[in-house]
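File shown: upload00.txt (compact mmCIF, C-alpha atoms).
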```txt
# COMPACT_ATOMS: atom_id res chain seq x y z
CA MET D 1 147.78 -66.48 299.28
CA THR D 2 146.72 -65.25 295.86
CA GLY D 3 143.65 -65.50 293.66
CA PRO D 4 140.30 -63.73 293.71
CA ALA D 5 139.01 -62.54 297.06
CA ARG D 6 136.56 -64.93 298.69
CA SER D 7 135.38 -62.38 301.26
CA GLY D 8 135.88 -58.81 302.35
CA LEU D 9 138.38 -60.01 304.95
CA HIS D 10 140.21 -61.96 302.26
CA ALA D 11 140.37 -58.87 300.01
CA LEU D 12 141.99 -56.88 302.82
CA LEU D 13 144.48 -59.63 303.61
CA LEU D 14 145.39 -59.89 299.93
CA SER D 15 145.91 -56.13 299.76
CA GLY D 16 148.37 -56.25 302.66
CA GLU D 17 146.13 -54.25 305.00
CA PHE D 18 146.63 -54.82 308.76
CA VAL D 19 143.22 -56.32 309.55
CA VAL D 20 141.05 -56.06 312.64
CA THR D 21 138.57 -58.74 313.65
CA ALA D 22 136.58 -59.00 316.87
CA GLU D 23 134.62 -61.63 318.72
CA LEU D 24 130.86 -61.21 319.05
CA GLN D 25 129.68 -61.31 322.65
CA ALA D 26 127.84 -64.56 323.40
CA VAL D 27 124.09 -63.96 323.20
CA ASP D 28 121.41 -65.65 325.32
CA SER D 29 118.33 -64.09 323.77
CA ALA D 30 115.74 -65.27 321.24
CA ASP D 31 115.29 -61.63 320.22
CA PRO D 32 117.31 -60.86 317.07
CA ALA D 33 117.76 -57.31 318.36
CA ALA D 34 120.37 -58.64 320.80
CA VAL D 35 122.71 -59.51 317.91
CA HIS D 36 121.66 -56.49 315.82
CA GLU D 37 122.63 -54.09 318.62
CA LEU D 38 126.08 -55.65 318.95
CA ALA D 39 126.45 -55.52 315.17
CA ASP D 40 125.64 -51.82 315.18
CA LEU D 41 128.35 -51.16 317.77
CA LEU D 42 131.01 -52.92 315.69
CA ARG D 43 129.98 -51.99 312.13
CA GLY D 44 132.64 -49.90 310.43
CA LYS D 45 135.06 -50.41 313.35
CA VAL D 46 136.26 -53.92 312.47
CA ASP D 47 136.65 -55.85 309.22
CA ALA D 48 134.85 -59.01 310.31
CA VAL D 49 133.25 -60.47 313.44
CA ASN D 50 133.62 -64.00 314.84
CA CYS D 51 130.41 -65.82 315.75
CA THR D 52 131.48 -68.21 318.49
CA ASP D 53 130.18 -71.77 318.83
CA ASN D 54 129.05 -72.32 322.43
CA SER D 55 132.13 -70.53 323.72
CA ALA D 56 133.73 -71.85 326.91
CA ALA D 57 131.36 -74.83 326.51
CA HIS D 58 128.32 -72.81 327.59
CA ALA D 59 125.20 -72.99 325.41
CA HIS D 60 124.40 -69.73 323.57
CA LEU D 61 122.63 -68.54 320.46
CA GLY D 62 124.16 -70.61 317.62
CA PRO D 63 126.87 -69.26 315.36
CA LEU D 64 124.95 -69.88 312.13
CA ALA D 65 122.04 -67.74 313.36
CA ALA D 66 124.39 -65.07 314.69
CA ALA D 67 126.24 -64.92 311.37
CA HIS D 68 122.95 -64.53 309.52
CA LEU D 69 121.86 -61.72 311.87
CA LEU D 70 125.21 -59.94 311.36
CA LEU D 71 124.73 -60.08 307.60
CA ASP D 72 121.30 -58.44 308.12
CA ARG D 73 123.14 -55.47 309.58
CA GLY D 74 125.93 -55.28 307.02
CA VAL D 75 128.64 -56.80 309.20
CA GLU D 76 130.86 -59.49 307.71
CA PRO D 77 130.73 -62.65 309.85
CA ILE D 78 133.37 -65.28 310.53
CA LEU D 79 131.61 -68.52 311.45
CA GLN D 80 133.28 -70.56 314.19
CA LEU D 81 132.63 -74.29 314.37
CA THR D 82 133.96 -76.69 316.98
CA CYS D 83 134.33 -80.46 316.91
CA ARG D 84 132.85 -80.73 320.40
CA ASP D 85 129.14 -80.60 319.62
CA ARG D 86 128.75 -82.17 316.16
CA ASN D 87 129.98 -85.18 314.25
CA ARG D 88 131.21 -85.12 310.65
CA LEU D 89 127.69 -85.09 309.23
CA GLY D 90 126.55 -82.15 311.34
CA LEU D 91 129.72 -80.17 310.65
CA GLN D 92 129.54 -80.60 306.88
CA ALA D 93 125.83 -79.71 306.96
CA ASP D 94 126.58 -76.46 308.80
CA LEU D 95 129.52 -75.57 306.55
CA LEU D 96 127.30 -75.90 303.49
CA GLY D 97 124.37 -74.14 305.16
CA ALA D 98 126.57 -71.25 306.24
CA ALA D 99 127.85 -70.75 302.71
CA ALA D 100 124.28 -70.79 301.40
CA LEU D 101 123.36 -68.05 303.90
CA GLY D 102 126.18 -65.85 302.63
CA VAL D 103 128.94 -66.61 305.16
CA ARG D 104 132.33 -66.11 303.48
CA ASN D 105 134.76 -66.88 306.33
CA VAL D 106 134.98 -69.87 308.66
CA VAL D 107 137.27 -70.61 311.60
CA LEU D 108 137.46 -74.24 312.65
CA MET D 109 138.66 -75.58 316.00
CA THR D 110 138.47 -78.43 318.50
CA GLY D 111 136.61 -76.45 321.17
CA ASP D 112 136.82 -76.17 324.96
CA ASP D 113 135.80 -79.38 326.65
CA VAL D 114 132.33 -79.74 328.15
CA SER D 115 133.99 -80.01 331.57
CA ALA D 116 134.84 -76.27 331.30
CA GLY D 117 131.21 -75.27 330.84
CA ASP D 118 127.83 -75.26 332.53
CA HIS D 119 126.79 -78.68 331.18
CA PRO D 120 129.74 -80.81 332.35
CA GLU D 121 127.57 -83.95 332.25
CA ALA D 122 127.09 -83.63 328.48
CA LYS D 123 128.38 -86.22 326.00
CA PRO D 124 131.23 -84.61 324.05
CA ILE D 125 131.49 -85.63 320.38
CA TYR D 126 135.06 -85.20 319.06
CA ASP D 127 134.34 -87.40 316.05
CA LEU D 128 136.93 -85.28 314.19
CA ASP D 129 139.82 -83.12 315.33
CA SER D 130 140.30 -79.55 314.14
CA ILE D 131 142.82 -80.55 311.48
CA HIS D 132 140.38 -83.10 310.02
CA LEU D 133 137.69 -80.42 309.95
CA VAL D 134 139.94 -77.89 308.19
CA ARG D 135 140.81 -80.42 305.53
CA ILE D 136 137.19 -81.46 305.04
CA ALA D 137 136.15 -77.80 304.64
CA ARG D 138 138.87 -77.48 302.00
CA ILE D 139 137.78 -80.68 300.22
CA MET D 140 134.19 -79.39 300.10
CA ARG D 141 135.33 -76.06 298.67
CA ASP D 142 138.07 -77.08 296.25
CA GLU D 143 136.90 -80.52 295.15
CA GLY D 144 133.17 -79.91 295.41
CA ARG D 145 132.41 -83.03 297.40
CA TYR D 146 131.74 -84.31 300.88
CA LEU D 147 134.33 -86.33 302.79
CA SER D 148 132.54 -89.46 301.58
CA GLY D 149 133.27 -88.44 297.98
CA ARG D 150 129.64 -87.68 297.13
CA PRO D 151 129.51 -84.56 294.90
CA LEU D 152 128.09 -81.19 295.89
CA GLU D 153 125.94 -79.38 293.34
CA VAL D 154 127.48 -76.00 294.16
CA PRO D 155 130.51 -76.00 296.46
CA PRO D 156 130.97 -73.43 299.25
CA GLY D 157 133.31 -70.52 298.56
CA TYR D 158 134.46 -69.49 302.06
CA LEU D 159 137.93 -68.49 303.25
CA ILE D 160 139.21 -71.11 305.69
CA GLY D 161 140.63 -70.17 309.08
CA ALA D 162 141.94 -72.05 312.09
CA VAL D 163 143.24 -71.20 315.56
CA GLU D 164 146.53 -71.82 317.34
CA ASN D 165 147.75 -71.32 320.87
CA PRO D 166 151.42 -70.24 320.84
CA PHE D 167 151.30 -69.89 324.65
CA ALA D 168 150.44 -73.44 325.75
CA PRO D 169 152.68 -76.51 326.02
CA PRO D 170 154.22 -78.27 324.18
CA LEU D 171 155.61 -74.93 322.93
CA GLU D 172 158.15 -76.48 320.54
CA PHE D 173 155.45 -78.49 318.79
CA ARG D 174 153.06 -75.55 318.24
CA PRO D 175 154.68 -74.21 315.03
CA MET D 176 154.72 -77.72 313.56
CA ARG D 177 151.07 -78.13 314.47
CA LEU D 178 150.31 -74.87 312.68
CA GLY D 179 152.18 -76.32 309.70
CA LYS D 180 149.81 -79.30 309.77
CA LYS D 181 146.82 -76.94 309.75
CA VAL D 182 148.27 -75.06 306.77
CA GLU D 183 148.92 -78.35 304.97
CA ALA D 184 145.32 -79.37 305.73
CA GLY D 185 144.07 -76.15 304.13
CA ALA D 186 143.99 -73.27 306.64
CA GLU D 187 144.52 -69.87 304.98
CA PHE D 188 144.40 -67.65 308.05
CA VAL D 189 144.85 -68.22 311.76
CA GLN D 190 143.64 -66.38 314.84
CA THR D 191 145.80 -66.98 317.91
CA GLN D 192 144.73 -67.48 321.49
CA ILE D 193 144.79 -64.33 323.63
CA CYS D 194 148.30 -62.89 323.83
CA PHE D 195 149.65 -61.31 326.97
CA ASN D 196 153.12 -62.82 326.64
CA VAL D 197 154.56 -61.10 323.56
CA ASP D 198 157.96 -62.81 323.92
CA LYS D 199 156.33 -66.23 323.50
CA LEU D 200 154.50 -65.00 320.41
CA ARG D 201 157.75 -63.63 318.98
CA LEU D 202 159.48 -67.02 319.43
CA PHE D 203 156.52 -68.83 317.88
CA MET D 204 156.48 -66.51 314.86
CA ALA D 205 160.22 -66.80 314.34
CA ARG D 206 159.92 -70.58 314.28
CA CYS D 207 156.95 -70.38 311.87
CA GLY D 208 159.16 -68.24 309.65
CA GLU D 209 161.90 -70.86 309.72
CA LEU D 210 159.36 -73.50 308.74
CA GLY D 211 158.36 -71.34 305.75
CA LEU D 212 154.77 -70.98 306.96
CA LEU D 213 154.48 -67.20 306.82
CA ASP D 214 154.21 -67.19 303.03
CA HIS D 215 151.23 -69.51 303.24
CA VAL D 216 149.09 -68.28 306.11
CA TRP D 217 147.96 -64.93 307.52
CA ILE D 218 148.30 -64.82 311.30
CA LEU D 219 146.13 -62.54 313.45
CA ALA D 220 147.20 -62.08 317.07
CA GLY D 221 144.49 -62.48 319.71
CA VAL D 222 144.22 -59.51 322.08
CA PHE D 223 141.97 -59.30 325.14
CA ILE D 224 140.64 -56.03 326.56
CA PRO D 225 140.01 -56.64 330.28
CA ARG D 226 137.21 -54.46 331.66
CA SER D 227 138.17 -55.17 335.25
CA ALA D 228 140.59 -57.11 337.44
CA ARG D 229 137.76 -59.60 337.87
CA ALA D 230 137.56 -60.19 334.10
CA ALA D 231 141.32 -60.81 334.00
CA ARG D 232 141.07 -63.31 336.87
CA TYR D 233 138.11 -65.04 335.20
CA LEU D 234 140.19 -65.43 332.07
CA ARG D 235 143.09 -66.93 334.02
CA ASP D 236 140.98 -69.27 336.15
CA GLN D 237 138.05 -70.26 333.93
CA VAL D 238 139.18 -70.21 330.30
CA PRO D 239 141.45 -73.13 329.41
CA GLY D 240 144.76 -72.40 327.72
CA VAL D 241 145.09 -68.66 328.40
CA ASP D 242 148.40 -67.51 329.88
CA VAL D 243 147.57 -64.43 331.98
CA PRO D 244 150.74 -63.19 333.71
CA GLU D 245 150.47 -62.22 337.38
CA THR D 246 151.77 -58.72 336.50
CA VAL D 247 148.63 -58.00 334.46
CA ILE D 248 146.35 -58.95 337.35
CA GLU D 249 148.46 -56.92 339.79
CA ARG D 250 148.37 -53.85 337.56
CA MET D 251 144.59 -54.07 337.27
CA GLU D 252 144.10 -54.58 340.99
CA ALA D 253 146.34 -51.62 341.83
CA VAL D 254 143.83 -49.07 340.51
CA PRO D 255 140.29 -48.38 341.80
CA GLU D 256 137.48 -50.24 340.09
CA HIS D 257 136.10 -47.28 338.12
CA ARG D 258 139.48 -46.79 336.43
CA GLN D 259 140.16 -50.45 335.64
CA GLY D 260 138.34 -50.27 332.28
CA GLU D 261 140.64 -47.48 331.13
CA LEU D 262 143.73 -49.38 332.27
CA GLY D 263 142.49 -52.51 330.49
CA ILE D 264 142.43 -50.56 327.22
CA GLU D 265 145.92 -49.26 328.01
CA ILE D 266 147.24 -52.81 328.57
CA ALA D 267 145.62 -54.07 325.35
CA LEU D 268 147.03 -51.07 323.45
CA GLU D 269 150.57 -51.91 324.60
CA ILE D 270 150.11 -55.45 323.28
CA VAL D 271 148.64 -54.32 319.94
CA GLU D 272 151.58 -51.98 319.43
CA GLN D 273 154.11 -54.70 320.21
CA VAL D 274 152.53 -57.42 318.06
CA ARG D 275 152.21 -55.06 315.08
CA GLY D 276 155.98 -55.04 314.88
CA ILE D 277 156.35 -58.83 314.72
CA PRO D 278 157.07 -60.06 311.17
CA GLY D 279 154.19 -62.17 309.87
CA ILE D 280 151.49 -60.75 312.16
CA ARG D 281 148.90 -59.49 309.67
CA GLY D 282 146.23 -58.26 312.00
CA VAL D 283 144.63 -58.48 315.42
CA HIS D 284 141.65 -60.41 316.69
CA LEU D 285 140.03 -58.57 319.62
CA MET D 286 138.21 -60.29 322.45
CA SER D 287 136.50 -59.06 325.60
CA ILE D 288 133.85 -60.02 328.09
CA ARG D 289 130.91 -57.63 327.63
CA ASN D 290 133.18 -54.74 326.69
CA GLU D 291 132.29 -53.61 323.15
CA THR D 292 133.02 -50.00 324.05
CA GLY D 293 136.48 -51.12 325.17
CA ILE D 294 137.03 -52.81 321.79
CA VAL D 295 135.99 -49.68 319.89
CA ARG D 296 138.06 -47.36 322.13
CA LEU D 297 141.11 -49.58 321.65
CA ILE D 298 140.73 -49.52 317.85
CA GLU D 299 140.46 -45.71 317.94
CA ARG D 300 143.46 -45.27 320.20
CA ALA D 301 145.57 -47.73 318.19
CA GLY D 302 145.06 -45.55 315.12
CA LEU D 303 143.28 -48.35 313.27
CA LEU D 304 140.35 -46.17 312.18
CA PRO D 305 138.88 -45.56 309.71
CA ARG D 306 138.68 -49.11 308.45
CA PRO D 307 139.06 -49.46 304.69
CA THR D 308 135.83 -50.22 302.87
CA THR D 309 135.98 -53.68 301.41
CA LEU D 310 134.82 -54.71 297.99
CA ALA D 311 131.52 -56.51 297.91
CA ALA D 312 132.14 -60.17 298.65
CA PRO D 313 131.74 -62.42 295.62
CA VAL D 314 128.79 -64.76 295.57
CA ALA D 315 129.73 -68.42 295.94
CA MET B 316 143.25 -93.86 335.75
CA ALA B 317 143.05 -96.28 332.87
CA ARG B 318 139.30 -96.30 332.49
CA THR B 319 138.23 -93.02 334.05
CA LEU B 320 138.48 -91.22 330.70
CA ASP B 321 136.94 -93.99 328.73
CA ARG B 322 134.34 -92.58 326.37
CA ARG B 323 134.50 -95.42 323.89
CA PRO B 324 131.30 -96.32 322.12
CA PRO B 325 130.35 -99.99 322.34
CA PRO B 326 131.90 -102.22 319.64
CA THR B 327 129.90 -102.48 316.44
CA VAL B 328 131.56 -105.56 314.98
CA PRO B 329 130.80 -109.21 315.76
CA PRO B 330 133.27 -110.81 318.18
CA PRO B 331 136.16 -112.51 316.36
CA ARG B 332 136.81 -116.27 316.55
CA GLY B 333 139.88 -118.52 316.27
CA PHE B 334 143.18 -116.94 315.16
CA ARG B 335 141.62 -113.47 314.98
CA LYS B 336 140.43 -113.79 318.54
CA ALA B 337 143.88 -114.93 319.68
CA LEU B 338 145.46 -111.92 317.98
CA LEU B 339 143.01 -109.57 319.70
CA VAL B 340 143.64 -111.17 323.13
CA VAL B 341 147.43 -110.95 322.78
CA GLU B 342 147.31 -107.37 321.50
CA ARG B 343 145.10 -106.27 324.34
CA ALA B 344 147.16 -108.12 326.95
CA THR B 345 150.39 -106.44 325.82
CA LYS B 346 149.33 -102.94 324.73
CA GLU B 347 146.86 -102.12 327.47
CA PRO B 348 149.31 -102.52 330.38
CA ILE B 349 152.26 -100.92 328.54
CA TRP B 350 150.65 -97.95 326.75
CA ASP B 351 147.20 -97.79 328.32
CA CYS B 352 146.02 -98.63 324.79
CA ARG B 353 142.33 -97.98 323.99
CA MET B 354 142.04 -100.57 321.22
CA CYS B 355 140.99 -98.13 318.49
CA GLY B 356 142.02 -100.71 315.89
CA GLN B 357 144.04 -98.18 313.84
CA CYS B 358 147.21 -97.82 315.84
CA ILE B 359 149.50 -94.81 315.26
CA LEU B 360 151.58 -95.16 318.46
CA HIS B 361 154.89 -95.00 316.59
CA SER B 362 153.83 -91.68 315.04
CA THR B 363 152.91 -90.16 318.39
CA GLY B 364 156.01 -90.76 320.48
CA LEU B 365 154.47 -93.98 321.86
CA ALA B 366 151.77 -91.99 323.69
CA CYS B 367 148.34 -93.35 322.77
CA PRO B 368 146.33 -90.43 321.31
CA MET B 369 143.05 -92.10 322.23
CA ARG B 370 143.89 -91.41 325.88
CA CYS B 371 143.36 -87.72 325.04
CA PRO B 372 139.83 -86.94 326.30
CA LYS B 373 139.19 -85.19 322.97
CA ASN B 374 140.59 -88.16 320.97
CA LEU B 375 142.88 -85.79 319.06
CA ARG B 376 145.00 -87.58 316.44
CA ASN B 377 146.96 -84.63 315.05
CA GLY B 378 148.32 -82.74 318.04
CA PRO B 379 147.29 -81.02 321.28
CA CYS B 380 144.28 -78.75 321.71
CA GLY B 381 144.67 -75.15 322.78
CA GLY B 382 143.59 -75.85 326.34
CA VAL B 383 146.79 -77.42 327.68
CA LEU B 384 147.59 -75.93 331.12
CA GLN B 385 150.79 -73.97 331.65
CA ASP B 386 152.25 -76.86 333.71
CA GLY B 387 151.57 -79.31 330.87
CA GLY B 388 148.44 -80.70 332.52
CA CYS B 389 145.37 -81.81 330.56
CA GLU B 390 142.52 -79.30 330.29
CA VAL B 391 139.94 -81.97 331.09
CA VAL B 392 141.86 -83.94 333.73
CA PRO B 393 144.36 -81.45 335.19
CA GLU B 394 146.19 -84.08 337.27
CA MET B 395 147.07 -85.99 334.08
CA ARG B 396 149.89 -84.73 331.86
CA CYS B 397 148.61 -83.81 328.40
CA VAL B 398 148.95 -86.84 326.13
CA TRP B 399 150.44 -84.62 323.43
CA VAL B 400 153.05 -83.18 325.78
CA GLN B 401 154.06 -86.81 326.40
CA ALA B 402 153.87 -87.52 322.67
CA TRP B 403 156.15 -84.60 321.80
CA GLU B 404 158.75 -85.62 324.39
CA GLY B 405 158.49 -89.28 323.40
CA SER B 406 158.85 -88.49 319.71
CA ARG B 407 162.17 -86.67 320.33
CA ARG B 408 163.58 -89.97 321.63
CA LEU B 409 162.54 -91.97 318.56
CA PRO B 410 165.26 -91.79 315.89
CA LEU B 411 163.21 -93.22 313.00
CA TRP B 412 159.74 -91.96 313.69
CA ARG B 413 160.23 -88.47 315.17
CA GLY B 414 159.30 -86.82 311.86
CA HIS B 415 155.95 -88.60 311.93
CA MET B 416 154.63 -85.98 314.36
CA ALA B 417 154.21 -83.75 311.29
CA HIS B 418 152.10 -86.29 309.37
CA LEU B 419 148.42 -85.58 308.79
CA GLN B 420 146.47 -88.42 310.39
CA PRO B 421 143.09 -89.25 308.84
CA PRO B 422 139.81 -89.20 310.79
CA VAL B 423 139.14 -92.18 313.06
CA ASP B 424 137.06 -95.04 311.67
CA TRP B 425 134.91 -95.66 314.73
CA ARG B 426 133.78 -99.06 313.40
CA LEU B 427 137.22 -100.41 314.23
CA GLN B 428 136.85 -99.90 318.00
CA GLU B 429 137.69 -103.08 319.92
CA THR B 430 139.22 -104.78 316.88
CA SER B 431 142.86 -105.80 316.57
CA SER B 432 145.05 -103.14 314.95
CA TRP B 433 147.51 -105.93 314.11
CA GLU B 434 144.87 -107.73 312.10
CA ASN B 435 143.82 -104.44 310.47
CA LEU B 436 147.45 -103.73 309.59
CA LEU B 437 147.87 -107.15 307.98
CA THR B 438 144.66 -106.89 305.98
CA GLY B 439 145.16 -103.19 305.12
CA ARG B 440 141.83 -102.37 306.74
CA ASP B 441 143.40 -99.61 308.84
CA ARG B 442 144.55 -97.76 305.72
CA ARG B 443 141.05 -97.48 304.27
CA VAL B 444 139.92 -93.84 304.52
CA PRO B 445 136.89 -91.91 303.20
CA ALA B 446 137.02 -91.43 299.40
CA ALA B 447 137.67 -87.70 299.38
CA TRP B 448 140.35 -87.90 302.08
CA SER B 449 142.62 -90.24 300.15
CA ALA B 450 142.42 -88.46 296.81
CA ARG B 451 144.61 -85.46 297.70
```

Turn the structure described in the file into structure tokens.
Amino acid sequence: MTGPARSGLHALLLSGEFVVTAELQAVDSADPAAVHELADLLRGKVDAVNCTDNSAAHAHLGPLAAAHLLLDRGVEPILQLTCRDRNRLGLQADLLGAAALGVRNVVLMTGDDVSAGDHPEAKPIYDLDSIHLVRIARIMRDEGRYLSGRPLEVPPGYLIGAVENPFAPPLEFRPMRLGKKVEAGAEFVQTQICFNVDKLRLFMARCGELGLLDHVWILAGVFIPRSARAARYLRDQVPGVDVPETVIERMEAVPEHRQGELGIEIALEIVEQVRGIPGIRGVHLMSIRNETGIVRLIERAGLLPRPTTLAAPVA
Amino acid sequence: MARTLDRRPPPTVPPPRGFRKALLVVERATKEPIWDCRMCGQCILHSTGLACPMRCPKNLRNGPCGGVLQDGGCEVVPEMRCVWVQAWEGSRRLPLWRGHMAHLQPPVDWRLQETSSWENLLTGRDRRVPAAWSAR
């Protein structure tokens, strides 16, 4: 967790700043303006933006293109890649291509299964698992070669991220699994959406005991529900998210036009609690078509203005 | 259950003869009924609490995905318990091998599908990994 900054996000993490990242809304348009408009909403409000890879196993505009369009608008992208849709050749090709386009952060994961999406009849790939992919990204960067051993002319220079779900069974194994990701080469981690702060606290304490917190920056995932319906969708349709019944009940107890405001309130409570957990170095904000909710939350949490980052070094 | 999740590609090696064939037949006849083995040819059962990781619909070799249901069910087949929940519990009962859950397992060599992991263990074939993986 030292050395020259590989990206603006990396510079902030190195400086000890509490960082804010957000997830780009999935886009279903061939018009670049769709991504540019979202970029304009988030620019200056967050430190970097995740470009998801067919999130929830639904086809969308690809993450490489989205990352490129964010760069057009001066927003630092975090490229997500899953093992679901590509084999080891495709994944290495996209890692290298992303670096060539100026992407300085990647987050690598297994990915929701095709059965969760709108093409359940598709052939899933899973040639690699997420830990393989993290290590291969690290080999490409630090050793300047592909998994096969064949050399790269210029290696990629990205910061390597992974994900973890501290809220899903087997809970006792989760910190050890994070340890494997760190050993494989992950430098920062974004967690699954947190509603259950006690579970996150236990997870972080165990990571501390394993000595992981000196080796990885952990950003807590926070969801801003726009409506009771969005909270139910999350519980019923997105695998691995633990949405407590109390959250749904609170949202349903107020009329629909006030649910957006309450959603921000609920997310704010979680941000304030996770900020106090040792080892949590930032938040990763997610929503379903609720960019204004994301921005309002950042304002109300006192996380503005965002520090200006140094220009990212060229790989 | 055994074959409903089967997403194995067809074998890419010629069928073995003689002693090698006998080994394959015996391995299949014992490991399939006991562990629902998928004959990946690079067995790590002892490192995964005796739960075959190839039964995971995502073929994960290093631990569970993030989609495990709150009741421990599999994201893809909710009525099945997550293979890695079984692996974690199984590994706690193994005195010698429980620490293996922390080991980094290399990517699968898909050419070894439908070959005997016993033969590959004896010949060392199952320890052959891509050049850049082994160097670290």

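Take CA of Gly282 (chain D) and CA of Glu249 (chain D): the distance between them is 27.9 Å.
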
Residues of chain D were defined as contacting chain B if any atom lay at most 6 Å from it, counting all atoms listed in the file; please report them as a PDB file with C-alpha atoms, in the coordinates of the input.
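To be explicit, this is the file written out as result_7.pdb:
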```pdb
ATOM      1  CA  TYR D 126     135.060 -85.200 319.060  1.00  0.00           C
ATOM      2  CA  LEU D 128     136.930 -85.280 314.190  1.00  0.00           C
ATOM      3  CA  ASP D 129     139.820 -83.120 315.330  1.00  0.00           C
ATOM      4  CA  LEU D 147     134.330 -86.330 302.790  1.00  0.00           C
ATOM      5  CA  SER D 148     132.540 -89.460 301.580  1.00  0.00           C
ATOM      6  CA  GLY D 149     133.270 -88.440 297.980  1.00  0.00           C
ATOM      7  CA  ASN D 165     147.750 -71.320 320.870  1.00  0.00           C
ATOM      8  CA  ALA D 168     150.440 -73.440 325.750  1.00  0.00           C
ATOM      9  CA  PRO D 169     152.680 -76.510 326.020  1.00  0.00           C
ATOM     10  CA  PRO D 170     154.220 -78.270 324.180  1.00  0.00           C
ATOM     11  CA  PRO D 239     141.450 -73.130 329.410  1.00  0.00           C
ATOM     12  CA  GLY D 240     144.760 -72.400 327.720  1.00  0.00           C
TER      13      GLY D 240
END
```

Legend entry - Computed interatomic separation between CA of Glu187 (chain D) and CA of His10 (chain D) (Å): 9.4 Å

Inset, instruction - Have a look at CA of Ile264 (chain D) and CA of Glu17 (chain D) and let me know their distance in Å, one decimal. - result: 22.8 Å

Contacts of Phe18 (chain D) at 9 Å (all atoms listed in the file; same-chain gap of 2+ positions) as a PDB file with C-alpha atoms, in the coordinates of the input:
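Listed below is the output, result-v8.pdb:
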```pdb
ATOM      1  CA  LEU D  12     141.990 -56.880 302.820  1.00  0.00           C
ATOM      2  CA  LEU D  13     144.480 -59.630 303.610  1.00  0.00           C
ATOM      3  CA  GLY D  16     148.370 -56.250 302.660  1.00  0.00           C
ATOM      4  CA  VAL D  20     141.050 -56.060 312.640  1.00  0.00           C
ATOM      5  CA  ARG D 275     152.210 -55.060 315.080  1.00  0.00           C
ATOM      6  CA  ILE D 280     151.490 -60.750 312.160  1.00  0.00           C
ATOM      7  CA  ARG D 281     148.900 -59.490 309.670  1.00  0.00           C
ATOM      8  CA  GLY D 282     146.230 -58.260 312.000  1.00  0.00           C
ATOM      9  CA  VAL D 283     144.630 -58.480 315.420  1.00  0.00           C
ATOM     10  CA  LEU D 303     143.280 -48.350 313.270  1.00  0.00           C
TER      11      LEU D 303
END
```

Inset, instruction - Considering all atoms listed in the file, return as a count of residues only whatever protein or nucleic-acid residues lie within 12 Å of region 199-208 of chain D, sequence-local ones (same chain, fewer than 6 positions apart) excluded. - result: 41

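Nearest to Arg138 (chain D) of all the residues D:Thr246, D:Ser115, D:Gln92, D:Asn50 is D:Gln92, based on all atoms listed in the file.
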
Legend entry - For Ile248 (chain D), the nearest of the candidates D:Asn105, D:Gln190, D:Ser227, D:Thr82, counting all atoms listed in the file: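 Among the listed residues, the smallest separation from Ile248 (chain D) belongs to D:Ser227.
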
Legend entry - Long-range neighbours of region 93-102 of chain D as a VMD selection string, 7 Å cut-off, all atoms listed in the file, 6 positions minimum in chain: chain D and resid 64 68 156 to 158

Inset, instruction - Place a sphere of radius 12 Å on (133.9, -80.9, 317.9) in the file coordinates and name every protein, DNA or RNA residue with an atom inside or on its surface, counting only C-alpha atoms; give the answer as a PyMOL selection string. - result: (chain D and resi 53-54+57+80-92+108-114+123-134) or (chain B and resi 372-375+380)

Could you write out that same residue set with C-alpha atoms as a short mmCIF file (atom, residue, chain, number, x, y, z; two decimals), in the frame of the given file?
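Once everything was written out, this is out-v1.cif:
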```cif
data_model
loop_
_atom_site.label_atom_id
_atom_site.label_comp_id
_atom_site.auth_asym_id
_atom_site.auth_seq_id
_atom_site.Cartn_x
_atom_site.Cartn_y
_atom_site.Cartn_z
CA ASP D 53 130.18 -71.77 318.83
CA ASN D 54 129.05 -72.32 322.43
CA ALA D 57 131.36 -74.83 326.51
CA GLN D 80 133.28 -70.56 314.19
CA LEU D 81 132.63 -74.29 314.37
CA THR D 82 133.96 -76.69 316.98
CA CYS D 83 134.33 -80.46 316.91
CA ARG D 84 132.85 -80.73 320.40
CA ASP D 85 129.14 -80.60 319.62
CA ARG D 86 128.75 -82.17 316.16
CA ASN D 87 129.98 -85.18 314.25
CA ARG D 88 131.21 -85.12 310.65
CA LEU D 89 127.69 -85.09 309.23
CA GLY D 90 126.55 -82.15 311.34
CA LEU D 91 129.72 -80.17 310.65
CA GLN D 92 129.54 -80.60 306.88
CA LEU D 108 137.46 -74.24 312.65
CA MET D 109 138.66 -75.58 316.00
CA THR D 110 138.47 -78.43 318.50
CA GLY D 111 136.61 -76.45 321.17
CA ASP D 112 136.82 -76.17 324.96
CA ASP D 113 135.80 -79.38 326.65
CA VAL D 114 132.33 -79.74 328.15
CA LYS D 123 128.38 -86.22 326.00
CA PRO D 124 131.23 -84.61 324.05
CA ILE D 125 131.49 -85.63 320.38
CA TYR D 126 135.06 -85.20 319.06
CA ASP D 127 134.34 -87.40 316.05
CA LEU D 128 136.93 -85.28 314.19
CA ASP D 129 139.82 -83.12 315.33
CA SER D 130 140.30 -79.55 314.14
CA ILE D 131 142.82 -80.55 311.48
CA HIS D 132 140.38 -83.10 310.02
CA LEU D 133 137.69 -80.42 309.95
CA VAL D 134 139.94 -77.89 308.19
CA PRO B 372 139.83 -86.94 326.30
CA LYS B 373 139.19 -85.19 322.97
CA ASN B 374 140.59 -88.16 320.97
CA LEU B 375 142.88 -85.79 319.06
CA CYS B 380 144.28 -78.75 321.71
#
```

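The residue that comes closest to Thr345 (chain B), out of B:Ser431, B:Gly414, B:Arg332, B:Glu394 and on the basis of only C-alpha atoms, is B:Ser431.
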